[in-house]
Amino acid sequence: MRLNLTVNGEPQQADDIWPGESLLYVLRERLGLPGAKNACEQGECGSCTVYLDGVPACSCLVAAGQAEGHDVVTVEGLAPGEDDLHPVQEAFVEAGAVQCGFCTPGLLVAAHNLVEHNQNPSDAEIREELAGNLCRCTGYEKILDAVRLAASRTRNRKQEAGT
Amino acid sequence: MEFLRPATWREALEAQANHPGAVPIAGGTDVMVELNFGRNRPPALVDLTAVDELAEWSTVDGEIRIGATMSYTKIIAELAEELPGLAMAARTVGSPQIRNRGTAVGNLGAASPAGDSHPPLLATGATVEADSVRGSRDIRIEEFYLGVKRKALEPDELIRAIRVPAKRGPQQFSKIGTRNAMVIAVCSFGIALNTLDRTVGTGIGSAAPTPRHAGDAEEFLAGNLPWDDRDPVPDGVARRFGELVADAAVPIDDVRGPARYRTHALSVMARRTLGWAWEEYRCA
C-alpha cells in the first residue's frame, strides 16, 4: 500500500505500507522522523503525540491508511528553523523540564497546543491538558514551570504585537 | 489485511458486507491497540473517517443524532447543553489526545462493560442505528449489550449513529478511578431525571458483564421523590435508592477493584449523583 501525506509542511510518500501499521511506525521507520517516541503503543503515555490536521493525537492509534491525504506535524516541525527553537522548546530547556527526554517530544506537542490556545492557563488547566503525557523522571514540576514560562512569553509577545 | 476507505456510507456498508470479519475503525483507540499488540489480525479494516457526514450531529424529533465518528472532544464542545450526562462522561475519557480521536459510537462497538458512554446512554434511553446493505434497524440501548465485548450487531452491520433524547431534566455522571485521566472505570454511574414525565433513568458501568439499568431503583425513586414540593430528598429515600442501585450490579473481583468495593461505591455514587441532580432541579 502506498501512502501520501503532508509531514511538517512537506508532501511525503511511503511505499509498501502494511495496512495495520500505525502512523507512528510510518513516521519513525519509513520517513526517518524519530522525534515521536514509541513507548506504550496503547495511547496511555502520549510520547507519540503529533498534530493530525492541527489536533493533537496519539500517532500510535492512527492506522497508517487513515492519514492518507492528511496533514501531520511532528516535534521536528515545531521549530521555525534549523538553528532556532520554538518558544515552548526554549522554555523546556530553560526550566530544566527534561531529564531522560523520552517523554519530551510528546509533551512539547501537547504544551505547544496548550500555549497556542491559552496564554494564561491555570495550573489545573495545564495539568488537564498534559494529562495524557506521562513523565517518569521529572515529577512534572519543572514541566509546569516550562509551560507557565512559555505561556507568559507568548502572551507578552502577542500583547507587543497588538500594540 | 486489506485497508478499505469508503467515501460514502453506502460504500462502507458494501465494504463490511463483502469482507466478512472486517473491523470498522474510527478513532482507533481500541482497534489499534489490538493491532499493535498482535491480539487481532482482521482480514480487513473499514476506515469510516473519510465518510464526512459521520463526524457530525443533528437534531431529529427531539433526539440528538450523534454520527459514528463524532469525537468526544466534539461532544463536549457542542452537546454539553442538550446531553449533559454524556458530555460529563466524555470529559472523563482518557486524555485530550484520546478524546480528540475516540468516539462514543466506538465505545458501543467495543462493548466493554467499562465504557464511559454507556451509563448516560442507558439513563437517557438512547437508540442505536444499525445499518447494513440489507436495510436499517433501531436497537434500544438496553438490548444492545449482550455480554463482555459482545453486542447485538450482525457481522455485516455497522453503527451509523446513536440517537439520544435531548435533556428533560438534570443529569449526572460519576466514575471511580485511580486518577483523573487515563482511567478505565472501576465502576461508574449515570442518572437522568425526566422532570416532565417524572421518571428516572439510570445506567451502571463496569459492575456487571454488560452495562445495565437499575430498574427497581428507577421505579422506586420516581415514586418517592418530592417532585411537587421540591423538598430535599429524604435521607431514607436516597439511601434506599443507593441500595437498589447496588443490588442491580453483579460485579466481579478484578485488577481494578474487588466486587465488594464496587457494590459499596455504586451505592455512594447513586446517592451523590441523585443529590447533585436533585439540587439542580430544586434551584431551577
# chains A, B, ... in the order shown; residues from 1 in each chain; ligands from 1
>>> interface_residues(of="chain B", to="chain A", cutoff="10 Å", atoms="only C-alpha atoms", output="number ranges by chain")
B: 1-5, 25-38, 41-42, 44-45, 47-50, 94-102, 179-183
>>> select_by_dssp(residues="segment 50-205 of chain B", states="strand (DSSP E or B)", output="ChimeraX atom specification")
/B:57-60,63-67,71,103,127-132,135-140,145-147,150-151,158-165,171-176,187-194,199-205
>>> write_last_selection(atoms="C-alpha atoms", output="mmCIF file, in the first residue's frame")
data_model
loop_
_atom_site.group_PDB
_atom_site.id
_atom_site.type_symbol
_atom_site.label_atom_id
_atom_site.label_comp_id
_atom_site.auth_asym_id
_atom_site.auth_seq_id
_atom_site.Cartn_x
_atom_site.Cartn_y
_atom_site.Cartn_z
ATOM 1 C CA TRP B 57 -24.632 15.573 14.819
ATOM 2 C CA SER B 58 -28.142 16.699 14.057
ATOM 3 C CA THR B 59 -31.500 17.025 15.795
ATOM 4 C CA VAL B 60 -34.242 14.585 14.783
ATOM 5 C CA GLU B 63 -33.407 13.489 19.763
ATOM 6 C CA ILE B 64 -29.761 14.293 19.170
ATOM 7 C CA ARG B 65 -28.328 12.045 16.473
ATOM 8 C CA ILE B 66 -24.606 11.512 17.001
ATOM 9 C CA GLY B 67 -22.689 10.277 13.972
ATOM 10 C CA SER B 71 -15.239 12.580 18.730
ATOM 11 C CA THR B 103 -15.869 8.281 19.657
ATOM 12 C CA THR B 127 -31.266 4.174 20.379
ATOM 13 C CA VAL B 128 -28.566 2.565 18.228
ATOM 14 C CA GLU B 129 -28.967 2.857 14.444
ATOM 15 C CA ALA B 130 -27.609 -0.342 12.874
ATOM 16 C CA ASP B 131 -27.311 -0.365 9.082
ATOM 17 C CA SER B 132 -26.354 -2.965 6.530
ATOM 18 C CA GLY B 135 -31.514 -2.374 5.480
ATOM 19 C CA SER B 136 -31.645 -0.315 8.627
ATOM 20 C CA ARG B 137 -32.896 -1.063 12.131
ATOM 21 C CA ASP B 138 -33.088 0.574 15.530
ATOM 22 C CA ILE B 139 -31.756 -1.241 18.583
ATOM 23 C CA ARG B 140 -32.775 0.002 22.037
ATOM 24 C CA TYR B 145 -25.206 -5.149 25.083
ATOM 25 C CA LEU B 146 -25.112 -8.956 25.083
ATOM 26 C CA GLY B 147 -22.043 -9.750 27.161
ATOM 27 C CA ARG B 150 -20.401 -8.722 22.755
ATOM 28 C CA LYS B 151 -23.180 -6.714 21.161
ATOM 29 C CA LEU B 158 -22.314 -1.002 11.097
ATOM 30 C CA ILE B 159 -23.499 1.569 13.614
ATOM 31 C CA ARG B 160 -24.336 4.713 11.705
ATOM 32 C CA ALA B 161 -25.381 6.841 14.670
ATOM 33 C CA ILE B 162 -26.831 6.879 18.156
ATOM 34 C CA ARG B 163 -29.937 8.884 18.931
ATOM 35 C CA VAL B 164 -30.153 10.323 22.426
ATOM 36 C CA PRO B 165 -33.254 12.104 23.742
ATOM 37 C CA GLN B 171 -28.347 14.597 34.513
ATOM 38 C CA GLN B 172 -25.246 13.473 36.353
ATOM 39 C CA PHE B 173 -22.379 11.057 35.880
ATOM 40 C CA SER B 174 -19.840 9.692 38.318
ATOM 41 C CA LYS B 175 -16.869 7.417 37.834
ATOM 42 C CA ILE B 176 -14.330 5.836 40.159
ATOM 43 C CA CYS B 187 -17.287 1.411 38.310
ATOM 44 C CA SER B 188 -19.437 4.252 37.073
ATOM 45 C CA PHE B 189 -22.977 5.514 37.332
ATOM 46 C CA GLY B 190 -25.245 7.806 35.350
ATOM 47 C CA ILE B 191 -28.598 9.292 36.313
ATOM 48 C CA ALA B 192 -31.115 11.269 34.241
ATOM 49 C CA LEU B 193 -34.194 12.858 35.776
ATOM 50 C CA ASN B 194 -37.120 13.414 33.445
ATOM 51 C CA THR B 199 -39.385 9.382 35.657
ATOM 52 C CA VAL B 200 -35.824 8.425 36.468
ATOM 53 C CA GLY B 201 -33.213 6.773 34.243
ATOM 54 C CA THR B 202 -30.037 5.080 35.454
ATOM 55 C CA GLY B 203 -27.020 3.358 33.991
ATOM 56 C CA ILE B 204 -24.411 1.233 35.750
ATOM 57 C CA GLY B 205 -20.954 0.775 34.243
#
>>> residues_around(residues="segment 3-15 of chain A", least_positions_apart="4", cutoff="7 Å", atoms="only C-alpha atoms", output="list in words")
Arg30, Gly65, Ala67, Glu68, Gly69, His70, Asp71, Val72, Val73, Thr74 and Gly77 of chain A
>>> select_by_dssp(residues="segment 70-267 of chain B", states="alpha helix (DSSP H)", output="MDAnalysis selection string")
chainID B and resid 72:79 84:91 96:101 104:110 118:124 141:144 215:224 235:248 259:267
>>> residues_around(residues="Lys167 of chain B", least_positions_apart="5", cutoff="8 Å", atoms="only C-alpha atoms", output="JSON, numbers by chain")
{"B": [81, 82, 83, 84, 194]}
